[in-house]
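The structure file upload_16.txt is reproduced below (compact mmCIF, C-alpha atoms).
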# COMPACT_ATOMS: atom_id res chain seq x y z
CA MET A 1 36.22 215.08 -141.21
CA ARG A 2 32.92 216.07 -139.69
CA SER A 3 30.74 215.13 -136.77
CA PHE A 4 27.28 216.07 -135.60
CA GLN A 5 26.84 219.49 -134.04
CA ARG A 6 25.07 218.20 -130.94
CA ASN A 7 27.42 218.31 -127.96
CA HIS A 8 26.63 216.26 -124.89
CA SER A 9 27.40 217.56 -121.43
CA ASN A 10 30.28 215.84 -119.63
CA ARG A 11 27.71 214.24 -117.32
CA ARG A 12 25.78 212.83 -120.31
CA LYS A 13 29.00 211.70 -122.00
CA MET A 14 29.85 209.65 -118.90
CA TYR A 15 26.51 207.81 -119.18
CA LEU A 16 26.68 207.35 -122.95
CA ALA A 17 30.27 206.07 -122.79
CA LEU A 18 29.44 203.57 -120.05
CA ALA A 19 26.17 202.37 -121.60
CA GLY A 20 27.80 202.13 -125.03
CA SER A 21 30.76 200.24 -123.63
CA VAL A 22 28.54 197.73 -121.80
CA GLU A 23 26.40 197.06 -124.86
CA SER A 24 29.32 196.91 -127.29
CA GLN A 25 31.12 194.41 -125.08
CA LEU A 26 27.99 192.30 -124.61
CA ARG A 27 27.41 192.27 -128.38
CA GLU A 28 31.03 191.28 -129.05
CA ALA A 29 30.80 188.54 -126.43
CA TYR A 30 27.54 187.32 -127.92
CA ALA A 31 29.01 187.42 -131.45
CA ASP A 32 31.96 185.29 -130.31
CA ARG A 33 29.62 182.76 -128.67
CA TYR A 34 27.27 182.71 -131.66
CA ASP A 35 30.10 182.31 -134.19
CA SER A 36 31.47 179.43 -132.14
CA GLY A 37 28.07 177.73 -132.15
CA LEU A 38 27.87 177.98 -128.36
CA ASP A 39 24.92 180.32 -127.90
CA THR A 40 21.98 181.91 -129.63
CA GLN A 41 19.59 184.52 -128.29
CA VAL A 42 17.20 181.64 -127.55
CA THR A 43 19.74 179.72 -125.45
CA LEU A 44 20.60 182.89 -123.52
CA ALA A 45 16.91 183.56 -122.95
CA ASP A 46 16.43 180.00 -121.69
CA LYS A 47 19.35 180.31 -119.26
CA LEU A 48 17.95 183.58 -117.92
CA GLY A 49 14.30 182.57 -117.88
CA VAL A 50 13.23 185.46 -120.12
CA GLY A 51 11.89 185.74 -123.65
CA ARG A 52 14.20 186.00 -126.67
CA SER A 53 12.94 189.50 -127.41
CA VAL A 54 14.17 190.64 -123.99
CA VAL A 55 17.68 189.37 -124.78
CA ASN A 56 17.48 191.05 -128.18
CA LYS A 57 16.50 194.38 -126.60
CA ARG A 58 19.36 194.14 -124.11
CA LEU A 59 21.89 193.45 -126.87
CA ARG A 60 20.53 196.31 -128.99
CA GLY A 61 20.64 198.84 -126.19
CA LEU A 62 16.89 199.28 -126.04
CA MET A 63 16.82 198.78 -122.28
CA ASN A 64 18.52 200.75 -119.52
CA MET A 65 20.03 197.71 -117.83
CA THR A 66 20.47 197.45 -114.09
CA ILE A 67 23.68 196.12 -112.60
CA GLU A 68 21.85 192.85 -111.91
CA THR A 69 20.83 192.58 -115.58
CA ILE A 70 24.38 193.25 -116.79
CA ALA A 71 25.69 190.60 -114.40
CA ASP A 72 23.00 188.18 -115.62
CA MET A 73 23.95 188.72 -119.26
CA ALA A 74 27.66 188.27 -118.54
CA TRP A 75 26.90 185.11 -116.56
CA ALA A 76 24.75 183.64 -119.32
CA LEU A 77 27.55 184.29 -121.82
CA GLY A 78 30.14 182.67 -119.54
CA TYR A 79 31.92 185.97 -119.05
CA SER A 80 32.97 187.91 -115.99
CA VAL A 81 32.70 191.67 -115.38
CA VAL A 82 35.14 194.14 -113.87
CA ILE A 83 34.03 197.67 -113.10
CA LYS A 84 36.64 200.28 -112.37
CA ILE A 85 35.90 203.79 -111.21
CA PHE A 86 39.00 205.89 -111.09
CA ASP A 87 40.40 209.39 -111.12
CA PRO A 88 42.31 209.80 -114.39
CA THR A 89 44.31 212.69 -112.94
CA THR A 90 46.05 210.36 -110.49
CA GLU A 91 45.89 207.00 -112.25
CA PRO A 92 47.57 206.56 -115.64
CA THR A 93 45.62 204.55 -118.17
CA ASN A 94 46.66 202.76 -121.33
CA ASP A 95 43.42 203.67 -123.05
CA PRO A 96 44.33 206.42 -125.54
CA HIS A 97 40.74 207.67 -125.66
CA ILE A 98 40.55 208.12 -121.93
CA ARG A 99 43.91 209.87 -121.96
CA SER A 100 42.89 212.14 -124.79
CA GLU A 101 39.48 212.81 -123.28
CA HIS A 102 41.12 213.72 -120.02
CA ALA A 103 43.43 216.05 -121.85
CA ARG A 104 40.42 217.70 -123.51
CA ASN A 105 38.57 217.89 -120.20
CA ALA A 106 41.56 219.53 -118.59
CA ASP A 107 41.19 222.32 -121.14
CA THR A 108 37.41 222.64 -121.15
CA THR A 109 35.95 221.41 -117.86
CA PRO A 110 34.85 224.20 -115.53
CA THR A 111 36.52 224.23 -112.13
CA GLY A 112 34.82 221.88 -109.71
CA THR A 113 33.32 219.62 -112.40
CA SER A 114 34.33 216.01 -112.02
CA THR A 115 36.26 214.33 -114.82
CA ASN A 116 36.42 210.99 -113.04
CA THR A 117 36.04 208.02 -115.30
CA ALA A 118 34.23 204.68 -115.21
CA GLN A 119 35.35 201.65 -117.18
CA LEU A 120 33.72 198.26 -117.49
CA ASN A 121 35.38 195.20 -118.96
CA PHE A 122 34.07 191.72 -119.71
CA THR A 123 36.37 188.69 -119.54
CA TYR A 124 35.52 185.20 -120.76
CA VAL A 125 35.62 182.71 -117.91
CA GLY A 126 34.59 179.59 -119.76
CA ALA A 127 31.31 177.86 -120.35
CA MET B 1 29.65 216.10 -150.69
CA LEU B 2 30.85 213.13 -148.59
CA GLU B 3 32.42 213.62 -145.19
CA GLU B 4 34.32 211.12 -143.09
CA TRP B 5 32.35 210.85 -139.86
CA ARG B 6 34.46 211.64 -136.81
CA LEU B 7 33.97 209.62 -133.64
CA PRO B 8 32.54 211.60 -130.74
CA ASP B 9 34.98 211.97 -127.86
CA HIS B 10 32.96 209.68 -125.58
CA ALA B 11 33.38 206.73 -127.98
CA GLY B 12 36.24 205.32 -125.93
CA GLN B 13 37.36 202.87 -128.62
CA ASP B 14 39.83 202.95 -131.48
CA PRO B 15 38.26 203.06 -134.95
CA LEU B 16 38.69 199.95 -137.10
CA ARG B 17 36.93 201.18 -140.23
CA PRO B 18 35.97 204.47 -141.88
CA LEU B 19 32.42 205.74 -142.29
CA TYR B 20 31.40 208.41 -144.78
CA LEU B 21 28.17 210.40 -144.62
CA ALA B 22 26.70 212.81 -147.12
CA GLY B 23 26.99 216.41 -145.89
CA GLU B 24 23.23 216.80 -146.45
CA LEU B 25 22.58 213.77 -144.24
CA ILE B 26 24.66 215.25 -141.42
CA ASP B 27 22.74 218.52 -141.80
CA TRP B 28 19.40 216.65 -141.78
CA ILE B 29 20.31 214.81 -138.57
CA ASP B 30 21.54 218.04 -136.96
CA ASN B 31 18.19 219.69 -137.72
CA ALA B 32 15.80 216.79 -136.93
CA THR B 33 14.94 218.07 -133.45
CA ASP B 34 12.65 215.12 -132.62
CA LEU B 35 15.68 212.82 -132.69
CA TYR B 36 17.04 214.58 -129.60
CA ASP B 37 14.06 213.88 -127.36
CA VAL B 38 14.93 211.18 -124.80
CA LYS B 39 11.20 210.55 -124.32
CA LYS B 40 10.98 209.48 -127.96
CA GLY B 41 13.85 207.03 -127.50
CA LYS B 42 14.27 203.84 -125.49
CA GLY B 43 16.48 202.65 -122.67
CA GLY B 44 17.11 206.18 -121.40
CA ARG B 45 18.59 207.38 -124.67
CA SER B 46 17.24 209.52 -127.47
CA PRO B 47 16.95 208.29 -131.07
CA PHE B 48 20.00 210.45 -131.88
CA GLU B 49 22.04 208.87 -129.09
CA HIS B 50 21.10 205.41 -130.38
CA LEU B 51 22.12 206.43 -133.89
CA GLU B 52 25.43 207.77 -132.61
CA GLN B 53 26.08 204.46 -130.81
CA SER B 54 25.26 202.48 -133.96
CA LEU B 55 27.77 204.57 -135.92
CA ILE B 56 30.37 204.13 -133.17
CA ASP B 57 29.76 200.38 -133.30
CA PHE B 58 30.16 200.39 -137.07
CA ARG B 59 33.49 202.18 -136.82
CA CYS B 60 34.86 200.32 -133.79
CA ALA B 61 33.31 196.86 -133.30
CA LYS B 62 35.05 193.69 -134.40
CA SER B 63 31.72 192.70 -135.93
CA PRO B 64 30.03 195.97 -136.96
CA SER B 65 26.39 196.29 -135.89
CA TYR B 66 26.12 192.54 -135.80
CA GLY B 67 23.35 191.58 -138.23
CA ASP B 68 22.32 195.21 -138.70
CA ILE B 69 23.95 195.93 -142.05
CA LYS B 70 21.96 194.49 -144.90
CA CYS B 71 21.95 194.65 -148.65
CA LEU B 72 18.48 195.76 -149.74
CA MET B 73 16.49 193.74 -152.22
CA PRO B 74 17.02 193.39 -155.06
CA GLN B 75 20.64 192.88 -154.16
CA LYS B 76 21.78 193.60 -157.70
CA LYS B 77 21.12 197.31 -157.00
CA ARG B 78 23.91 197.19 -154.36
CA VAL B 79 22.20 199.57 -151.93
CA TRP B 80 22.91 198.79 -148.29
CA SER B 81 21.14 199.75 -145.09
CA LEU B 82 22.74 200.34 -141.71
CA HIS B 83 20.09 199.90 -139.01
CA SER B 84 19.92 201.76 -135.73
CA PRO B 85 16.92 201.38 -133.42
CA PHE B 86 15.01 204.36 -134.87
CA LEU B 87 16.65 205.10 -138.21
CA ARG B 88 17.90 203.27 -141.25
CA ILE B 89 20.87 204.87 -142.97
CA LEU B 90 20.79 203.97 -146.66
CA GLY B 91 23.90 204.05 -148.79
CA TRP B 92 26.45 201.63 -150.13
CA VAL B 93 29.62 199.72 -149.39
CA PRO B 94 32.50 201.16 -151.48
CA ALA B 95 35.11 198.71 -150.18
CA PRO B 96 35.31 195.98 -147.54
CA HIS B 97 34.84 197.46 -144.07
CA GLN B 98 33.57 200.80 -145.35
CA PHE B 99 30.13 202.38 -145.59
CA VAL B 100 28.80 205.48 -147.29
CA GLY B 101 25.53 206.80 -145.82
CA ILE B 102 23.39 209.06 -148.03
CA TYR B 103 19.84 209.18 -146.67
CA ALA B 104 18.14 208.42 -143.36
CA LEU B 105 14.74 206.83 -143.16
CA ARG B 106 12.78 206.75 -139.93
CA ILE B 107 11.88 203.15 -139.02
CA ALA B 108 8.37 204.33 -138.12
CA ASP B 109 7.98 205.69 -141.67
CA ALA B 110 9.33 202.53 -143.25
CA HIS B 111 7.50 199.90 -141.21
CA GLY B 112 5.21 197.93 -143.50
CA LYS B 113 5.78 200.38 -146.35
CA ALA B 114 8.07 198.67 -148.81
CA SER B 115 7.42 201.41 -151.36
CA ARG B 116 8.93 204.01 -149.00
CA VAL B 117 12.11 201.93 -148.67
CA ASP B 118 12.16 201.45 -152.46
CA GLU B 119 11.87 205.22 -152.95
CA PHE B 120 14.84 205.89 -150.68
CA ARG B 121 16.82 203.03 -152.24
CA ASP B 122 16.27 204.54 -155.69
CA ASN B 123 17.27 207.97 -154.38
CA VAL B 124 20.58 206.49 -153.24
CA LEU B 125 21.08 205.13 -156.77
CA LYS B 126 20.28 208.57 -158.24
CA PHE B 127 22.78 210.22 -155.87
CA ALA B 128 25.50 207.74 -156.86
CA ASN B 129 24.66 208.23 -160.52
CA ILE B 130 24.68 212.04 -160.42
CA HIS B 131 28.03 212.09 -158.65
CA LYS B 132 29.45 209.32 -160.85
CA LEU B 133 30.05 207.07 -157.85
CA ASP B 134 27.96 204.09 -158.95
CA SER B 135 31.08 202.18 -159.97
CA THR B 136 32.13 202.23 -156.30
CA MET B 137 29.00 200.36 -155.14
CA LEU B 138 29.76 196.81 -154.06
CA GLY B 139 27.31 193.97 -153.74
CA GLY B 140 27.85 190.51 -152.40
CA ASP B 141 27.91 188.59 -149.20
CA TYR B 142 28.00 190.44 -145.87
CA ASN B 143 30.67 188.12 -144.45
CA ALA B 144 32.91 188.75 -147.46
CA LEU B 145 32.63 192.53 -147.12
CA PHE B 146 32.75 192.64 -143.32
CA PRO B 147 34.89 189.73 -142.17
CA LYS B 148 35.45 189.78 -138.44
CA LYS B 149 38.44 191.86 -137.37
CA PRO B 150 41.01 189.98 -135.28

Could you render the structure as C-alpha cells?
Amino acid sequence: MRSFQRNHSNRRKMYLALAGSVESQLREAYADRYDSGLDTQVTLADKLGVGRSVVNKRLRGLMNMTIETIADMAWALGYSVVIKIFDPTTEPTNDPHIRSEHARNADTTPTGTSTNTAQLNFTYVGA
Amino acid sequence: MLEEWRLPDHAGQDPLRPLYLAGELIDWIDNATDLYDVKKGKGGRSPFEHLEQSLIDFRCAKSPSYGDIKCLMPQKKRVWSLHSPFLRILGWVPAPHQFVGIYALRIADAHGKASRVDEFRDNVLKFANIHKLDSTMLGGDYNALFPKKP
C-alpha cells in the first residue's frame, strides 16, 4: 500500500477533513434525492435562487462554503445539519477513524497543539 | 508497478472499495509542484487537495464521484477516466467497484483537445498490453460496475 508523500499539517488536516466531510455528505444527500426523482441541480438552484452552475460548484467542492451556504444546501435537500466540536481525549467516539487519528496524534502531536475534532452530520428531515 | 492507494488519515470514512495507482503516477503527482499551490486551486484548496478528496470519495462514497467516472469513447477500448476538478486520472475498471489509475492528464491540457485525451487513452492501452493486464479491463454500463452501496 502506498500514499502520496505530501503530509498536511494537523491544522490543514482539520480543514480538509471538515470540508471533505461536508461535500461528501452533500453529494450523498443529493445522489439520494436525484435517484429518487425528487431533485436535480436545477430544482435545487430554483429553490435557492441561484444558477445551476453555482449548485454544481458547491457539490464539487469548488467553493469554500460559508455556514449559511451549507445550511442553505441542507435546507434545499430537505436535510438537517448537526455540528459537533469536541475534545476526543475526554469524549469517546464510535468513529474508528477519529479514534485512530487521535491515537496517532497522541504519538506525534507536539505538546500544546490542539487535537480537538469537528464533526458535521446531515440528517434527512423530509421534503 | 501497481500500488493500492492508502487513504490519508484525515479521510474520516471507512473505505468501501479499493483503488490502485501506477507507482509512476504516484511519483508524478508527488513531483508536480504546481498541484500543491492553493492559489492555483479553487475553494481554498489546491489541485492536489481536490485530487485527494476525489480519490477519498471514490474509495468511501456510496456513489463514487457521482457522475465523475466515465468510460472514454470509443467505449470498446474500455479505458475509464476518473475526474477531479483539475486532473483526469485515466485507467480502467478491473472489477466492479475497483479502479486502476495509470496516467494523469491536466484538465487545462485536455480542454478542447480530443487528440490529447486520445493519446493518453492509447497510452493506457499500451501500459495494459505491456504488462499483460488488458484482459482485466472491463467495459459496460457505469451503473452495472458501480451499483450504489447500501

Residue list for chain A near chain B as a compact mmCIF listing (two decimals) with C-alpha atoms, in the frame of the given file, 10 Å, all atoms listed in the file:
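Once everything was written out, this is result-v2.txt:
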# COMPACT_ATOMS: atom_id res chain seq x y z
CA MET A 1 36.22 215.08 -141.21
CA ARG A 2 32.92 216.07 -139.69
CA SER A 3 30.74 215.13 -136.77
CA PHE A 4 27.28 216.07 -135.60
CA GLN A 5 26.84 219.49 -134.04
CA ARG A 6 25.07 218.20 -130.94
CA ASN A 7 27.42 218.31 -127.96
CA HIS A 8 26.63 216.26 -124.89
CA ASN A 10 30.28 215.84 -119.63
CA ARG A 12 25.78 212.83 -120.31
CA LYS A 13 29.00 211.70 -122.00
CA MET A 14 29.85 209.65 -118.90
CA TYR A 15 26.51 207.81 -119.18
CA LEU A 16 26.68 207.35 -122.95
CA ALA A 17 30.27 206.07 -122.79
CA LEU A 18 29.44 203.57 -120.05
CA ALA A 19 26.17 202.37 -121.60
CA GLY A 20 27.80 202.13 -125.03
CA SER A 21 30.76 200.24 -123.63
CA GLU A 23 26.40 197.06 -124.86
CA SER A 24 29.32 196.91 -127.29
CA GLN A 25 31.12 194.41 -125.08
CA ARG A 27 27.41 192.27 -128.38
CA GLU A 28 31.03 191.28 -129.05
CA TYR A 30 27.54 187.32 -127.92
CA ALA A 31 29.01 187.42 -131.45
CA ASP A 32 31.96 185.29 -130.31
CA LYS A 57 16.50 194.38 -126.60
CA ARG A 58 19.36 194.14 -124.11
CA LEU A 59 21.89 193.45 -126.87
CA ARG A 60 20.53 196.31 -128.99
CA GLY A 61 20.64 198.84 -126.19
CA LEU A 62 16.89 199.28 -126.04
CA MET A 63 16.82 198.78 -122.28
CA ASN A 64 18.52 200.75 -119.52
CA MET A 65 20.03 197.71 -117.83
CA ASP A 95 43.42 203.67 -123.05
CA PRO A 96 44.33 206.42 -125.54
CA HIS A 97 40.74 207.67 -125.66
CA ILE A 98 40.55 208.12 -121.93
CA ARG A 99 43.91 209.87 -121.96
CA SER A 100 42.89 212.14 -124.79
CA GLU A 101 39.48 212.81 -123.28
CA ARG A 104 40.42 217.70 -123.51
CA GLN A 119 35.35 201.65 -117.18

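Note that the spacing between CA of Asp122 (chain B) and CA of Ala108 (chain B) amounts to 19.3 Å.
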
What separation in Å, quoted to one decimal, exists between CA of Phe99 (chain B) and CA of Pro150 (chain B)?
19.5 Å

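Pairwise distance (CA of Phe146 (chain B), CA of Leu16 (chain B)) equals 11.3 Å.
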
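When all atoms listed in the file are used to measure the gap to Ala32 (chain B), the shortest distance among B:Arg106, B:Lys70, B:Val100, B:Asp134 belongs to B:Arg106.
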
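Counting only C-alpha atoms, the residue from A:Thr43, A:Thr117, A:Ser9, A:Asn56 that sits nearest to Phe86 (chain A) is A:Thr117.
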
Surrounding residues of Trp80 (chain B) excluding itself and chain neighbours under 3 positions, 6 Å, only C-alpha atoms, as a ChimeraX atom specification:
/B:70-72,90-92

Excluding region 81-85 of chain A and its own-chain neighbours fewer than 4 positions away, which residues fall within 12 Å of it when counting only C-alpha atoms? Please give them as an MDAnalysis selection string.
chainID A and resid 14 18 21:22 25:26 29 67:77 91 93 115:125

What lies within 12 Å of Val42 (chain A) using all atoms listed in the file, ignoring chain neighbours under 6 positions off, as a ChimeraX atom specification?
/A:30,34,48-56,76

Generate the output file for the selected residues, C-alpha atoms, as a short mmCIF file (atom, residue, chain, number, x, y, z; two decimals), keeping the file's coordinate frame.
data_model
loop_
_atom_site.label_atom_id
_atom_site.label_comp_id
_atom_site.auth_asym_id
_atom_site.auth_seq_id
_atom_site.Cartn_x
_atom_site.Cartn_y
_atom_site.Cartn_z
CA TYR A 30 27.54 187.32 -127.92
CA TYR A 34 27.27 182.71 -131.66
CA LEU A 48 17.95 183.58 -117.92
CA GLY A 49 14.30 182.57 -117.88
CA VAL A 50 13.23 185.46 -120.12
CA GLY A 51 11.89 185.74 -123.65
CA ARG A 52 14.20 186.00 -126.67
CA SER A 53 12.94 189.50 -127.41
CA VAL A 54 14.17 190.64 -123.99
CA VAL A 55 17.68 189.37 -124.78
CA ASN A 56 17.48 191.05 -128.18
CA ALA A 76 24.75 183.64 -119.32
#
